[in-house]
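Content type mmCIF, C-alpha atoms, from the file upload_19.cif:
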```
data_final
loop_
_atom_site.label_atom_id
_atom_site.label_comp_id
_atom_site.auth_asym_id
_atom_site.auth_seq_id
_atom_site.Cartn_x
_atom_site.Cartn_y
_atom_site.Cartn_z
CA MET A 20 7.01 -12.99 22.69
CA THR A 21 6.06 -10.12 20.37
CA ILE A 22 2.83 -8.13 20.35
CA ASP A 23 2.32 -7.96 16.60
CA ARG A 24 -0.22 -5.24 15.85
CA PRO A 25 1.96 -2.28 14.85
CA GLU A 26 -0.76 -0.63 12.75
CA ALA A 27 -2.67 0.01 16.02
CA ARG A 28 0.42 0.69 18.14
CA ASN A 29 0.10 -2.86 19.49
CA ALA A 30 -3.12 -2.03 21.34
CA LEU A 31 -4.64 -4.80 23.44
CA SER A 32 -7.48 -6.12 21.32
CA LYS A 33 -9.19 -9.39 22.27
CA GLN A 34 -7.00 -11.26 19.78
CA VAL A 35 -3.82 -9.72 21.21
CA ARG A 36 -4.87 -10.55 24.77
CA GLU A 37 -5.60 -14.14 23.83
CA GLY A 38 -2.18 -14.36 22.19
CA LEU A 39 -0.49 -13.03 25.33
CA TRP A 40 -2.23 -15.64 27.44
CA ALA A 41 -1.29 -18.45 25.07
CA GLY A 42 2.33 -17.33 24.78
CA THR A 43 2.74 -16.93 28.53
CA ARG A 44 1.33 -20.39 29.21
CA ARG A 45 3.64 -21.91 26.60
CA PHE A 46 6.64 -20.26 28.24
CA VAL A 47 5.71 -21.46 31.72
CA ALA A 48 5.16 -25.02 30.48
CA ASP A 49 8.34 -25.19 28.37
CA ASP A 50 11.20 -26.50 30.52
CA ALA A 51 13.69 -25.55 27.79
CA ALA A 52 12.67 -21.87 27.90
CA ALA A 53 14.66 -20.10 30.62
CA VAL A 54 13.78 -16.42 30.11
CA LEU A 55 10.81 -14.69 28.51
CA VAL A 56 11.40 -11.47 26.56
CA LEU A 57 8.26 -9.45 25.85
CA THR A 58 8.35 -6.74 23.17
CA GLY A 59 6.21 -5.06 20.54
CA ALA A 60 6.40 -5.08 16.74
CA GLY A 61 7.58 -1.98 14.91
CA GLU A 62 9.53 1.01 16.14
CA LYS A 63 6.81 3.24 17.61
CA ALA A 64 5.08 1.25 20.32
CA PHE A 65 5.72 -1.49 22.84
CA CYS A 66 2.00 -1.35 23.61
CA ALA A 67 -0.26 1.71 23.68
CA GLY A 68 -2.69 0.05 26.09
CA GLY A 69 -6.26 -1.13 25.72
CA ASP A 70 -8.13 -0.91 22.44
CA LEU A 71 -10.43 2.04 23.19
CA HIS A 72 -12.54 1.39 20.07
CA GLU A 73 -13.21 -2.13 21.28
CA MET A 74 -13.91 -0.89 24.82
CA ALA A 75 -16.46 1.58 23.48
CA GLU A 76 -18.14 -1.08 21.34
CA THR A 77 -18.41 -3.56 24.22
CA ALA A 78 -19.14 -0.91 26.89
CA LEU A 79 -16.42 -2.46 29.02
CA ALA A 80 -16.83 -1.56 32.69
CA ILE A 81 -14.57 -3.41 35.15
CA PRO A 82 -12.15 -5.65 33.22
CA PRO A 83 -12.47 -9.30 34.29
CA PRO A 84 -9.61 -10.83 36.33
CA ASP A 85 -8.33 -12.67 33.25
CA PHE A 86 -8.50 -9.64 30.92
CA LEU A 87 -4.81 -10.07 30.19
CA PRO A 88 -1.93 -11.88 31.90
CA GLN A 89 -0.43 -10.06 34.86
CA PHE A 90 2.71 -11.97 35.77
CA GLY A 91 2.68 -12.92 39.43
CA ARG A 92 -0.91 -11.77 39.96
CA ASN A 93 -3.29 -13.86 37.87
CA ILE A 94 -0.69 -16.28 36.51
CA ASP A 95 2.37 -17.68 38.24
CA VAL A 96 5.49 -17.15 36.12
CA PRO A 97 8.37 -18.58 38.18
CA LYS A 98 11.02 -17.95 35.52
CA PRO A 99 12.53 -14.51 34.75
CA THR A 100 10.82 -12.09 32.38
CA ILE A 101 12.23 -9.05 30.57
CA ALA A 102 10.32 -6.25 28.86
CA ALA A 103 12.13 -4.89 25.81
CA VAL A 104 10.31 -1.57 25.47
CA ASN A 105 10.69 -0.39 21.89
CA GLY A 106 8.39 2.64 22.00
CA VAL A 107 5.41 3.89 24.00
CA ALA A 108 4.25 1.80 26.97
CA TYR A 109 1.01 3.43 28.00
CA ALA A 110 -1.81 2.19 30.24
CA GLY A 111 -2.03 -1.58 29.64
CA GLY A 112 1.38 -1.39 28.00
CA PHE A 113 2.75 0.11 31.21
CA LEU A 114 1.05 -2.75 33.07
CA LEU A 115 2.83 -5.35 30.94
CA ALA A 116 6.23 -3.71 31.44
CA GLN A 117 5.63 -3.23 35.17
CA HIS A 118 4.86 -6.92 35.66
CA CYS A 119 8.09 -8.04 34.00
CA ASP A 120 11.06 -8.61 36.32
CA LEU A 121 13.47 -6.47 34.30
CA VAL A 122 12.87 -3.65 31.82
CA VAL A 123 15.22 -2.46 29.08
CA ALA A 124 14.08 0.59 27.13
CA ALA A 125 15.03 2.07 23.79
CA GLU A 126 16.06 5.73 24.01
CA HIS A 127 12.78 6.88 22.44
CA ALA A 128 10.56 4.81 24.76
CA ARG A 129 7.87 6.53 26.82
CA PHE A 130 5.97 5.28 29.87
CA ALA A 131 2.59 6.47 31.19
CA VAL A 132 -0.33 5.34 33.32
CA SER A 133 -2.71 7.40 31.26
CA GLU A 134 -6.02 6.10 32.61
CA VAL A 135 -6.88 9.36 34.39
CA LYS A 136 -6.94 11.10 31.01
CA VAL A 137 -9.68 8.82 29.65
CA GLY A 138 -11.66 8.11 32.83
CA ARG A 139 -10.49 4.53 33.18
CA GLY A 140 -8.88 2.76 36.14
CA SER A 141 -5.47 1.34 37.07
CA PRO A 142 -5.86 -0.94 40.11
CA TRP A 143 -3.01 -3.01 38.69
CA ALA A 144 -0.67 -0.09 39.51
CA ALA A 145 -0.88 -0.87 43.24
CA PRO A 146 2.75 -2.18 43.31
CA LEU A 147 4.10 0.96 41.60
CA SER A 148 5.16 2.66 44.84
CA TRP A 149 7.28 -0.42 45.61
CA LEU A 150 9.08 -0.06 42.26
CA VAL A 151 9.64 3.71 42.36
CA PRO A 152 9.60 6.33 45.16
CA PRO A 153 6.04 7.00 46.38
CA ARG A 154 6.01 10.64 45.25
CA VAL A 155 7.10 9.59 41.77
CA ALA A 156 4.36 6.95 41.73
CA LEU A 157 1.82 9.59 42.73
CA GLU A 158 2.98 11.93 39.97
CA ILE A 159 2.71 9.16 37.38
CA LEU A 160 -0.78 8.16 38.56
CA LEU A 161 -2.26 11.61 39.18
CA THR A 162 -1.05 13.40 36.04
CA GLY A 163 -1.13 10.58 33.49
CA ASP A 164 1.81 12.34 31.84
CA PRO A 165 4.51 10.25 30.18
CA LEU A 166 8.05 9.73 31.42
CA ASP A 167 10.80 9.53 28.84
CA ALA A 168 13.24 6.63 28.96
CA ARG A 169 15.96 8.58 30.75
CA ARG A 170 13.61 9.73 33.51
CA ALA A 171 12.24 6.20 33.85
CA TYR A 172 15.80 4.99 34.36
CA GLU A 173 16.55 7.72 36.90
CA VAL A 174 13.59 6.74 39.10
CA GLY A 175 14.32 3.02 38.85
CA LEU A 176 11.46 1.99 36.59
CA VAL A 177 13.84 0.54 33.98
CA ASN A 178 17.19 -1.23 34.27
CA ALA A 179 18.88 0.18 31.19
CA VAL A 180 18.35 2.60 28.29
CA VAL A 181 19.97 1.70 24.99
CA PRO A 182 19.87 2.94 21.38
CA ALA A 183 16.90 1.52 19.52
CA GLY A 184 19.16 -0.39 17.15
CA SER A 185 20.84 -2.14 20.08
CA LEU A 186 17.71 -3.05 22.04
CA ARG A 187 17.30 -6.59 20.72
CA SER A 188 20.98 -7.53 21.08
CA HIS A 189 21.26 -5.97 24.54
CA VAL A 190 18.21 -7.84 25.83
CA GLN A 191 19.35 -11.09 24.19
CA GLU A 192 22.73 -10.83 25.90
CA LEU A 193 21.06 -10.09 29.25
CA ALA A 194 18.71 -13.06 28.86
CA GLN A 195 21.63 -15.34 27.98
CA ARG A 196 23.52 -14.26 31.10
CA ILE A 197 20.52 -15.16 33.22
CA ALA A 198 19.90 -18.43 31.39
CA ALA A 199 23.51 -19.50 31.98
CA ASN A 200 22.94 -19.55 35.74
CA ALA A 201 21.62 -22.44 37.84
CA PRO A 202 17.86 -22.55 37.11
CA LEU A 203 16.75 -23.47 40.64
CA SER A 204 18.81 -20.63 42.09
CA VAL A 205 17.44 -18.18 39.53
CA ARG A 206 13.83 -19.06 40.36
CA ALA A 207 14.46 -18.87 44.10
CA ALA A 208 16.24 -15.53 43.67
CA LYS A 209 13.22 -14.13 41.84
CA ARG A 210 10.84 -15.25 44.61
CA THR A 211 13.16 -13.82 47.27
CA ALA A 212 13.30 -10.40 45.60
CA TYR A 213 9.52 -10.03 45.79
CA LEU A 214 9.21 -10.99 49.46
CA SER A 215 9.77 -7.45 50.71
CA ALA A 216 6.72 -6.32 48.74
CA GLU A 217 4.55 -8.96 50.38
CA CYS A 218 5.56 -9.19 54.05
CA GLY A 219 7.57 -7.70 56.90
CA ARG A 220 11.29 -8.21 57.47
CA GLY A 221 11.05 -11.10 59.91
CA GLU A 222 8.57 -13.03 57.81
CA ALA A 223 10.60 -12.32 54.68
CA TYR A 224 13.66 -13.98 56.24
CA ALA A 225 11.61 -17.01 57.33
CA ARG A 226 10.00 -17.45 53.92
CA ALA A 227 13.35 -16.97 52.17
CA GLU A 228 14.81 -19.84 54.21
CA GLU A 229 11.95 -22.05 53.03
CA ILE A 230 12.44 -20.99 49.41
CA TRP A 231 16.17 -21.70 49.38
CA ALA A 232 16.25 -24.95 51.40
CA PRO A 233 15.49 -27.22 48.39
CA VAL A 234 18.05 -25.31 46.32
CA TYR A 235 20.78 -26.02 48.89
CA ARG A 236 19.82 -29.72 48.81
CA SER A 237 19.80 -29.98 45.00
CA ALA A 238 22.30 -31.70 42.75
CA ASP A 239 23.05 -28.35 41.13
CA ALA A 240 24.23 -27.02 44.51
CA GLN A 241 26.93 -29.70 44.43
CA GLU A 242 27.64 -29.26 40.73
CA GLY A 243 28.56 -25.58 41.07
CA PRO A 244 31.47 -26.03 43.53
CA ALA A 245 32.58 -29.23 41.76
CA ALA A 246 32.77 -27.41 38.42
CA PHE A 247 34.69 -24.54 40.02
CA ARG A 248 37.18 -26.95 41.55
CA ALA A 249 37.61 -28.79 38.24
CA LYS A 250 37.95 -25.48 36.35
CA ARG A 251 35.14 -26.32 33.95
CA ALA A 252 31.75 -24.88 33.09
CA PRO A 253 28.94 -26.22 35.27
CA VAL A 254 26.30 -28.48 33.75
CA TRP A 255 22.98 -27.58 35.30
CA THR A 256 20.21 -30.16 35.50
CA GLY A 257 17.62 -28.16 37.41
CA ARG A 258 17.46 -30.88 40.05
#
```

Show me the file's structure as structure tokens.
Amino acid sequence: MTIDRPEARNALSKQVREGLWAGTRRFVADDAAAVLVLTGAGEKAFCAGGDLHEMAETALAIPPPDFLPQFGRNIDVPKPTIAAVNGVAYAGGFLLAQHCDLVVAAEHARFAVSEVKVGRGSPWAAPLSWLVPPRVALEILLTGDPLDARRAYEVGLVNAVVPAGSLRSHVQELAQRIAANAPLSVRAAKRTAYLSAECGRGEAYARAEEIWAPVYRSADAQEGPAAFRAKRAPVWTGR
């Protein structure tokens, strides 16, 4: 899914936001789509954030809950998502990258929660101190200054930094590796990874047992060992 407004650094106009909602819903509903890759058009910006001209014209105060899709917050996206950050990811662009499960950045990418510089808000950044060390999260939020791709990798905000020319192929290969795995196990693994952000250790274990029980009972759980024994590639059915 590509944000295609390069002339405005892929800023989040109403039309762009509507397109993000439509694309996300199509991905969730499409059983044949295993992994969503989100990126921006052009070479300068993944997404520069909200359209400030539009905000000024509409006198936007508090954005409504459905202002744009926030994976796992206002729309359930059970399948894996990857942000391919091809340039600046500021404000709402940072939001979009943050809400993806994995992030791969081009070497020239930049990340910033820049709301403090324009008097806006970033309540969506509440999970940031779970993704990076709390003092790094505080620096990002209090200064509004950008992090380059290398620093973002060092603090754990992104999974990999690659040359711009290799971004698409690297992310495609990563998505294919994920898509080759058993789909029920992949979805359960994603849910398990987020448990520690939602509950204490004991509850996390209990909820993880509930998440994985239907996976253990599935046909795919029998197919995996059978394929290994027969020395063939497994054929996943998602059941």

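What the PyMOL selection byres ((chain A and resi 46) around 12) picks from this file is Met20, Leu39, Trp40, Ala41, Gly42, Thr43, Arg44, Arg45, Val47, Ala48, Asp49, Asp50, Ala51, Ala52, Ala53, Val54, Leu55, Val56, Leu57, Phe90, Ile94, Asp95, Val96, Pro97, Lys98, Pro99 and Thr100 of chain A.
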
inquiry  = Under the PyMOL selection byres ((chain A and resi 73-83) around 10), which residues of this model are included? Write them out as a PyMOL selection string.
reply    = chain A and resi 31-33+69-72+84-87+139-140

Just write the chosen residues, C-alpha atoms, as a short mmCIF file (atom, residue, chain, number, x, y, z; two decimals), in the coordinates of the input.
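Written file, result-v3.cif:
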```
data_model
loop_
_atom_site.label_atom_id
_atom_site.label_comp_id
_atom_site.auth_asym_id
_atom_site.auth_seq_id
_atom_site.Cartn_x
_atom_site.Cartn_y
_atom_site.Cartn_z
CA LEU A 31 -4.64 -4.80 23.44
CA SER A 32 -7.48 -6.12 21.32
CA LYS A 33 -9.19 -9.39 22.27
CA GLY A 69 -6.26 -1.13 25.72
CA ASP A 70 -8.13 -0.91 22.44
CA LEU A 71 -10.43 2.04 23.19
CA HIS A 72 -12.54 1.39 20.07
CA PRO A 84 -9.61 -10.83 36.33
CA ASP A 85 -8.33 -12.67 33.25
CA PHE A 86 -8.50 -9.64 30.92
CA LEU A 87 -4.81 -10.07 30.19
CA ARG A 139 -10.49 4.53 33.18
CA GLY A 140 -8.88 2.76 36.14
#
```

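Counting only C-alpha atoms, the residue from A:Ser133, A:Arg92, A:Gly175, A:Val181 that sits nearest to Glu158 (chain A) is A:Ser133.
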
request  = Select, counting all atoms listed in the file, all protein, DNA and RNA residues no farther than 10 Å from (18.4, -3.1, 22.0) in file coordinates, and express the selection as a list of chain:residue names.
outcome  = A:Ala103, A:Val104, A:Asn105, A:Val123, A:Ala124, A:Ala125, A:Glu126, A:Ala179, A:Val180, A:Val181, A:Pro182, A:Ala183, A:Gly184, A:Ser185, A:Leu186, A:Arg187, A:Ser188, A:His189, A:Val190, A:Gln191, A:Glu192

message = For region 159-163 of chain A, find every residue with an atom within 12 Å (counting all atoms listed in the file), except residues of its own chain fewer than 5 positions away, and show them as a VMD selection string.
response = chain A and resid 109 to 110 113 129 to 148 151 to 154 170 to 171 174 176

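Using only C-alpha atoms, the residues found no farther than 7 Å from Gly112 (chain A), other than those of its own chain fewer than 4 positions away, are Phe65, Cys66, Ala67, Gly68, Ala108 and Ala116 of chain A.
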
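Here CA of Asn178 (chain A) is placed at a distance of 22.0 Å from CA of Pro88 (chain A).
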
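Between CA of Thr58 (chain A) and CA of Ala198 (chain A) the interatomic distance comes to 18.4 Å.
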
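Residue nearest Ala102 (chain A), chosen from A:Ile22, A:Pro165, A:Ala30, A:Glu37 and counting all atoms listed in the file: A:Ile22.
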
task = Would you list the contacts of Ala240 (chain A) as an MDAnalysis selection string, taking every protein, DNA or RNA residue within 10 Å and counting only C-alpha atoms, but skipping same-chain residues closer than 6 positions in sequence?
result = chainID A and resid 201 203:204 233:234 255 257:258

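Using all atoms listed in the file for every distance, the candidate list A:Ala249, A:Val254, A:Ala168, A:Cys218 yields A:Ala168 as the residue closest to His127 (chain A).
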
I want to know what sits within 10 Å of region 210-213 of chain A, based on only C-alpha atoms, with residues of the same chain fewer than 4 positions away left out; could you give that as a CSV table (one decimal) with C-alpha atoms, in the frame of the given file?
```csv
chain,number,residue,atom,x,y,z
A,91,GLY,CA,2.7,-12.9,39.4
A,97,PRO,CA,8.4,-18.6,38.2
A,98,LYS,CA,11.0,-18.0,35.5
A,120,ASP,CA,11.1,-8.6,36.3
A,149,TRP,CA,7.3,-0.4,45.6
A,204,SER,CA,18.8,-20.6,42.1
A,205,VAL,CA,17.4,-18.2,39.5
A,206,ARG,CA,13.8,-19.1,40.4
A,217,GLU,CA,4.6,-9.0,50.4
A,218,CYS,CA,5.6,-9.2,54.0
A,223,ALA,CA,10.6,-12.3,54.7
A,224,TYR,CA,13.7,-14.0,56.2
A,226,ARG,CA,10.0,-17.4,53.9
A,227,ALA,CA,13.4,-17.0,52.2
A,228,GLU,CA,14.8,-19.8,54.2
A,230,ILE,CA,12.4,-21.0,49.4
A,231,TRP,CA,16.2,-21.7,49.4
```

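Between CA of Leu115 (chain A) and CA of Ser215 (chain A) lies a distance of 21.1 Å.
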
Report the centre and edge lengths, in Å to one decimal, of an axis-aligned box enclosing every atom of region 195-205 of chain A listed in the file, padded by 4 Å on each side, as JSON.
```
{"center_x": 20.1, "center_y": -18.9, "center_z": 35.0, "size_x": 14.8, "size_y": 17.2, "size_z": 22.1}
```

Would you mind exporting region 76-119 of chain A with N, CA and C atoms, as a PDB file, in the first residue's frame?
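For reference, part_20.pdb as written:
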```pdb
ATOM      1  N   GLU A  76      -7.380  25.264   7.502  1.00  0.00           N
ATOM      2  CA  GLU A  76      -8.645  25.589   6.835  1.00  0.00           C
ATOM      3  C   GLU A  76      -9.844  25.059   7.605  1.00  0.00           C
ATOM      4  N   THR A  77      -9.712  23.870   8.187  1.00  0.00           N
ATOM      5  CA  THR A  77     -10.829  23.248   8.906  1.00  0.00           C
ATOM      6  C   THR A  77     -10.809  23.542  10.393  1.00  0.00           C
ATOM      7  N   ALA A  78      -9.772  24.266  10.866  1.00  0.00           N
ATOM      8  CA  ALA A  78      -9.623  24.567  12.302  1.00  0.00           C
ATOM      9  C   ALA A  78      -9.706  23.287  13.120  1.00  0.00           C
ATOM     10  N   LEU A  79      -8.975  22.269  12.682  1.00  0.00           N
ATOM     11  CA  LEU A  79      -9.021  20.978  13.351  1.00  0.00           C
ATOM     12  C   LEU A  79      -8.533  21.102  14.790  1.00  0.00           C
ATOM     13  N   ALA A  80      -9.336  20.649  15.729  1.00  0.00           N
ATOM     14  CA  ALA A  80      -8.936  20.628  17.131  1.00  0.00           C
ATOM     15  C   ALA A  80      -8.463  19.218  17.470  1.00  0.00           C
ATOM     16  N   ILE A  81      -9.274  18.450  18.187  1.00  0.00           N
ATOM     17  CA  ILE A  81      -8.897  17.068  18.504  1.00  0.00           C
ATOM     18  C   ILE A  81      -9.290  16.182  17.328  1.00  0.00           C
ATOM     19  N   PRO A  82      -8.345  15.473  16.712  1.00  0.00           N
ATOM     20  CA  PRO A  82      -8.700  14.583  15.603  1.00  0.00           C
ATOM     21  C   PRO A  82      -9.675  13.519  16.078  1.00  0.00           C
ATOM     22  N   PRO A  83     -10.680  13.181  15.269  1.00  0.00           N
ATOM     23  CA  PRO A  83     -11.632  12.141  15.655  1.00  0.00           C
ATOM     24  C   PRO A  83     -10.942  10.778  15.735  1.00  0.00           C
ATOM     25  N   PRO A  84     -11.545   9.819  16.435  1.00  0.00           N
ATOM     26  CA  PRO A  84     -10.921   8.499  16.598  1.00  0.00           C
ATOM     27  C   PRO A  84     -10.590   7.802  15.284  1.00  0.00           C
ATOM     28  N   ASP A  85     -11.357   8.110  14.231  1.00  0.00           N
ATOM     29  CA  ASP A  85     -11.128   7.455  12.941  1.00  0.00           C
ATOM     30  C   ASP A  85     -10.389   8.374  11.967  1.00  0.00           C
ATOM     31  N   PHE A  86      -9.601   9.306  12.492  1.00  0.00           N
ATOM     32  CA  PHE A  86      -8.885  10.259  11.633  1.00  0.00           C
ATOM     33  C   PHE A  86      -8.036   9.537  10.602  1.00  0.00           C
ATOM     34  N   LEU A  87      -7.316   8.525  11.041  1.00  0.00           N
ATOM     35  CA  LEU A  87      -6.596   7.649  10.122  1.00  0.00           C
ATOM     36  C   LEU A  87      -6.402   6.301  10.813  1.00  0.00           C
ATOM     37  N   PRO A  88      -6.169   5.235  10.058  1.00  0.00           N
ATOM     38  CA  PRO A  88      -6.049   3.921  10.683  1.00  0.00           C
ATOM     39  C   PRO A  88      -4.807   3.810  11.554  1.00  0.00           C
ATOM     40  N   GLN A  89      -5.015   3.345  12.773  1.00  0.00           N
ATOM     41  CA  GLN A  89      -3.922   3.048  13.693  1.00  0.00           C
ATOM     42  C   GLN A  89      -4.003   1.554  13.987  1.00  0.00           C
ATOM     43  N   PHE A  90      -3.135   0.801  13.341  1.00  0.00           N
ATOM     44  CA  PHE A  90      -3.201  -0.659  13.420  1.00  0.00           C
ATOM     45  C   PHE A  90      -3.158  -1.124  14.873  1.00  0.00           C
ATOM     46  N   GLY A  91      -4.146  -1.915  15.254  1.00  0.00           N
ATOM     47  CA  GLY A  91      -4.190  -2.447  16.603  1.00  0.00           C
ATOM     48  C   GLY A  91      -4.866  -1.533  17.603  1.00  0.00           C
ATOM     49  N   ARG A  92      -5.183  -0.306  17.194  1.00  0.00           N
ATOM     50  CA  ARG A  92      -5.868   0.617  18.104  1.00  0.00           C
ATOM     51  C   ARG A  92      -7.308   0.856  17.657  1.00  0.00           C
ATOM     52  N   ASN A  93      -7.496   1.417  16.468  1.00  0.00           N
ATOM     53  CA  ASN A  93      -8.862   1.651  16.000  1.00  0.00           C
ATOM     54  C   ASN A  93      -9.263   0.726  14.861  1.00  0.00           C
ATOM     55  N   ILE A  94      -8.377  -0.200  14.505  1.00  0.00           N
ATOM     56  CA  ILE A  94      -8.712  -1.256  13.550  1.00  0.00           C
ATOM     57  C   ILE A  94      -7.836  -2.470  13.849  1.00  0.00           C
ATOM     58  N   ASP A  95      -8.466  -3.622  13.928  1.00  0.00           N
ATOM     59  CA  ASP A  95      -7.736  -4.857  14.205  1.00  0.00           C
ATOM     60  C   ASP A  95      -7.099  -5.359  12.909  1.00  0.00           C
ATOM     61  N   VAL A  96      -5.793  -5.484  12.921  1.00  0.00           N
ATOM     62  CA  VAL A  96      -5.054  -6.001  11.765  1.00  0.00           C
ATOM     63  C   VAL A  96      -4.281  -7.225  12.258  1.00  0.00           C
ATOM     64  N   PRO A  97      -4.868  -8.414  12.175  1.00  0.00           N
ATOM     65  CA  PRO A  97      -4.247  -9.606  12.759  1.00  0.00           C
ATOM     66  C   PRO A  97      -3.030 -10.113  12.001  1.00  0.00           C
ATOM     67  N   LYS A  98      -2.901  -9.713  10.738  1.00  0.00           N
ATOM     68  CA  LYS A  98      -1.772 -10.177   9.927  1.00  0.00           C
ATOM     69  C   LYS A  98      -0.604  -9.203  10.023  1.00  0.00           C
ATOM     70  N   PRO A  99       0.617  -9.645   9.721  1.00  0.00           N
ATOM     71  CA  PRO A  99       1.809  -8.794   9.879  1.00  0.00           C
ATOM     72  C   PRO A  99       1.818  -7.591   8.935  1.00  0.00           C
ATOM     73  N   THR A 100       2.406  -6.509   9.433  1.00  0.00           N
ATOM     74  CA  THR A 100       2.548  -5.285   8.650  1.00  0.00           C
ATOM     75  C   THR A 100       3.990  -4.806   8.720  1.00  0.00           C
ATOM     76  N   ILE A 101       4.475  -4.255   7.612  1.00  0.00           N
ATOM     77  CA  ILE A 101       5.844  -3.750   7.534  1.00  0.00           C
ATOM     78  C   ILE A 101       5.814  -2.337   6.966  1.00  0.00           C
ATOM     79  N   ALA A 102       6.499  -1.411   7.616  1.00  0.00           N
ATOM     80  CA  ALA A 102       6.681  -0.070   7.072  1.00  0.00           C
ATOM     81  C   ALA A 102       7.999  -0.027   6.315  1.00  0.00           C
ATOM     82  N   ALA A 103       7.938   0.322   5.045  1.00  0.00           N
ATOM     83  CA  ALA A 103       9.142   0.529   4.232  1.00  0.00           C
ATOM     84  C   ALA A 103       9.344   2.037   4.144  1.00  0.00           C
ATOM     85  N   VAL A 104      10.186   2.570   5.027  1.00  0.00           N
ATOM     86  CA  VAL A 104      10.306   4.017   5.190  1.00  0.00           C
ATOM     87  C   VAL A 104      11.341   4.559   4.217  1.00  0.00           C
ATOM     88  N   ASN A 105      10.863   5.246   3.195  1.00  0.00           N
ATOM     89  CA  ASN A 105      11.686   5.680   2.075  1.00  0.00           C
ATOM     90  C   ASN A 105      12.078   7.145   2.151  1.00  0.00           C
ATOM     91  N   GLY A 106      11.919   7.761   3.316  1.00  0.00           N
ATOM     92  CA  GLY A 106      12.266   9.174   3.464  1.00  0.00           C
ATOM     93  C   GLY A 106      11.826   9.637   4.835  1.00  0.00           C
ATOM     94  N   VAL A 107      11.361  10.887   4.956  1.00  0.00           N
ATOM     95  CA  VAL A 107      10.971  11.395   6.255  1.00  0.00           C
ATOM     96  C   VAL A 107       9.686  10.726   6.732  1.00  0.00           C
ATOM     97  N   ALA A 108       9.641  10.414   8.022  1.00  0.00           N
ATOM     98  CA  ALA A 108       8.444   9.896   8.686  1.00  0.00           C
ATOM     99  C   ALA A 108       8.224  10.777   9.904  1.00  0.00           C
ATOM    100  N   TYR A 109       7.512  11.867   9.684  1.00  0.00           N
ATOM    101  CA  TYR A 109       7.310  12.859  10.732  1.00  0.00           C
ATOM    102  C   TYR A 109       5.853  12.854  11.189  1.00  0.00           C
ATOM    103  N   ALA A 110       5.643  13.141  12.469  1.00  0.00           N
ATOM    104  CA  ALA A 110       4.299  13.311  13.027  1.00  0.00           C
ATOM    105  C   ALA A 110       3.410  12.124  12.638  1.00  0.00           C
ATOM    106  N   GLY A 111       2.355  12.365  11.853  1.00  0.00           N
ATOM    107  CA  GLY A 111       1.475  11.271  11.446  1.00  0.00           C
ATOM    108  C   GLY A 111       2.195  10.196  10.663  1.00  0.00           C
ATOM    109  N   GLY A 112       3.283  10.555   9.991  1.00  0.00           N
ATOM    110  CA  GLY A 112       4.086   9.538   9.310  1.00  0.00           C
ATOM    111  C   GLY A 112       4.808   8.646  10.299  1.00  0.00           C
ATOM    112  N   PHE A 113       5.279   9.252  11.404  1.00  0.00           N
ATOM    113  CA  PHE A 113       5.876   8.480  12.493  1.00  0.00           C
ATOM    114  C   PHE A 113       4.828   7.540  13.072  1.00  0.00           C
ATOM    115  N   LEU A 114       3.607   8.061  13.262  1.00  0.00           N
ATOM    116  CA  LEU A 114       2.498   7.239  13.765  1.00  0.00           C
ATOM    117  C   LEU A 114       2.323   5.994  12.913  1.00  0.00           C
ATOM    118  N   LEU A 115       2.256   6.177  11.598  1.00  0.00           N
ATOM    119  CA  LEU A 115       2.010   5.050  10.699  1.00  0.00           C
ATOM    120  C   LEU A 115       3.132   4.018  10.799  1.00  0.00           C
ATOM    121  N   ALA A 116       4.376   4.483  10.861  1.00  0.00           N
ATOM    122  CA  ALA A 116       5.494   3.548  10.983  1.00  0.00           C
ATOM    123  C   ALA A 116       5.469   2.854  12.340  1.00  0.00           C
ATOM    124  N   GLN A 117       5.183   3.606  13.400  1.00  0.00           N
ATOM    125  CA  GLN A 117       5.150   3.047  14.742  1.00  0.00           C
ATOM    126  C   GLN A 117       4.125   1.925  14.862  1.00  0.00           C
ATOM    127  N   HIS A 118       2.987   2.069  14.186  1.00  0.00           N
ATOM    128  CA  HIS A 118       1.926   1.084  14.314  1.00  0.00           C
ATOM    129  C   HIS A 118       2.133  -0.151  13.433  1.00  0.00           C
ATOM    130  N   CYS A 119       3.136  -0.131  12.578  1.00  0.00           N
ATOM    131  CA  CYS A 119       3.471  -1.346  11.829  1.00  0.00           C
ATOM    132  C   CYS A 119       4.287  -2.274  12.734  1.00  0.00           C
TER     133      CYS A 119
END
```
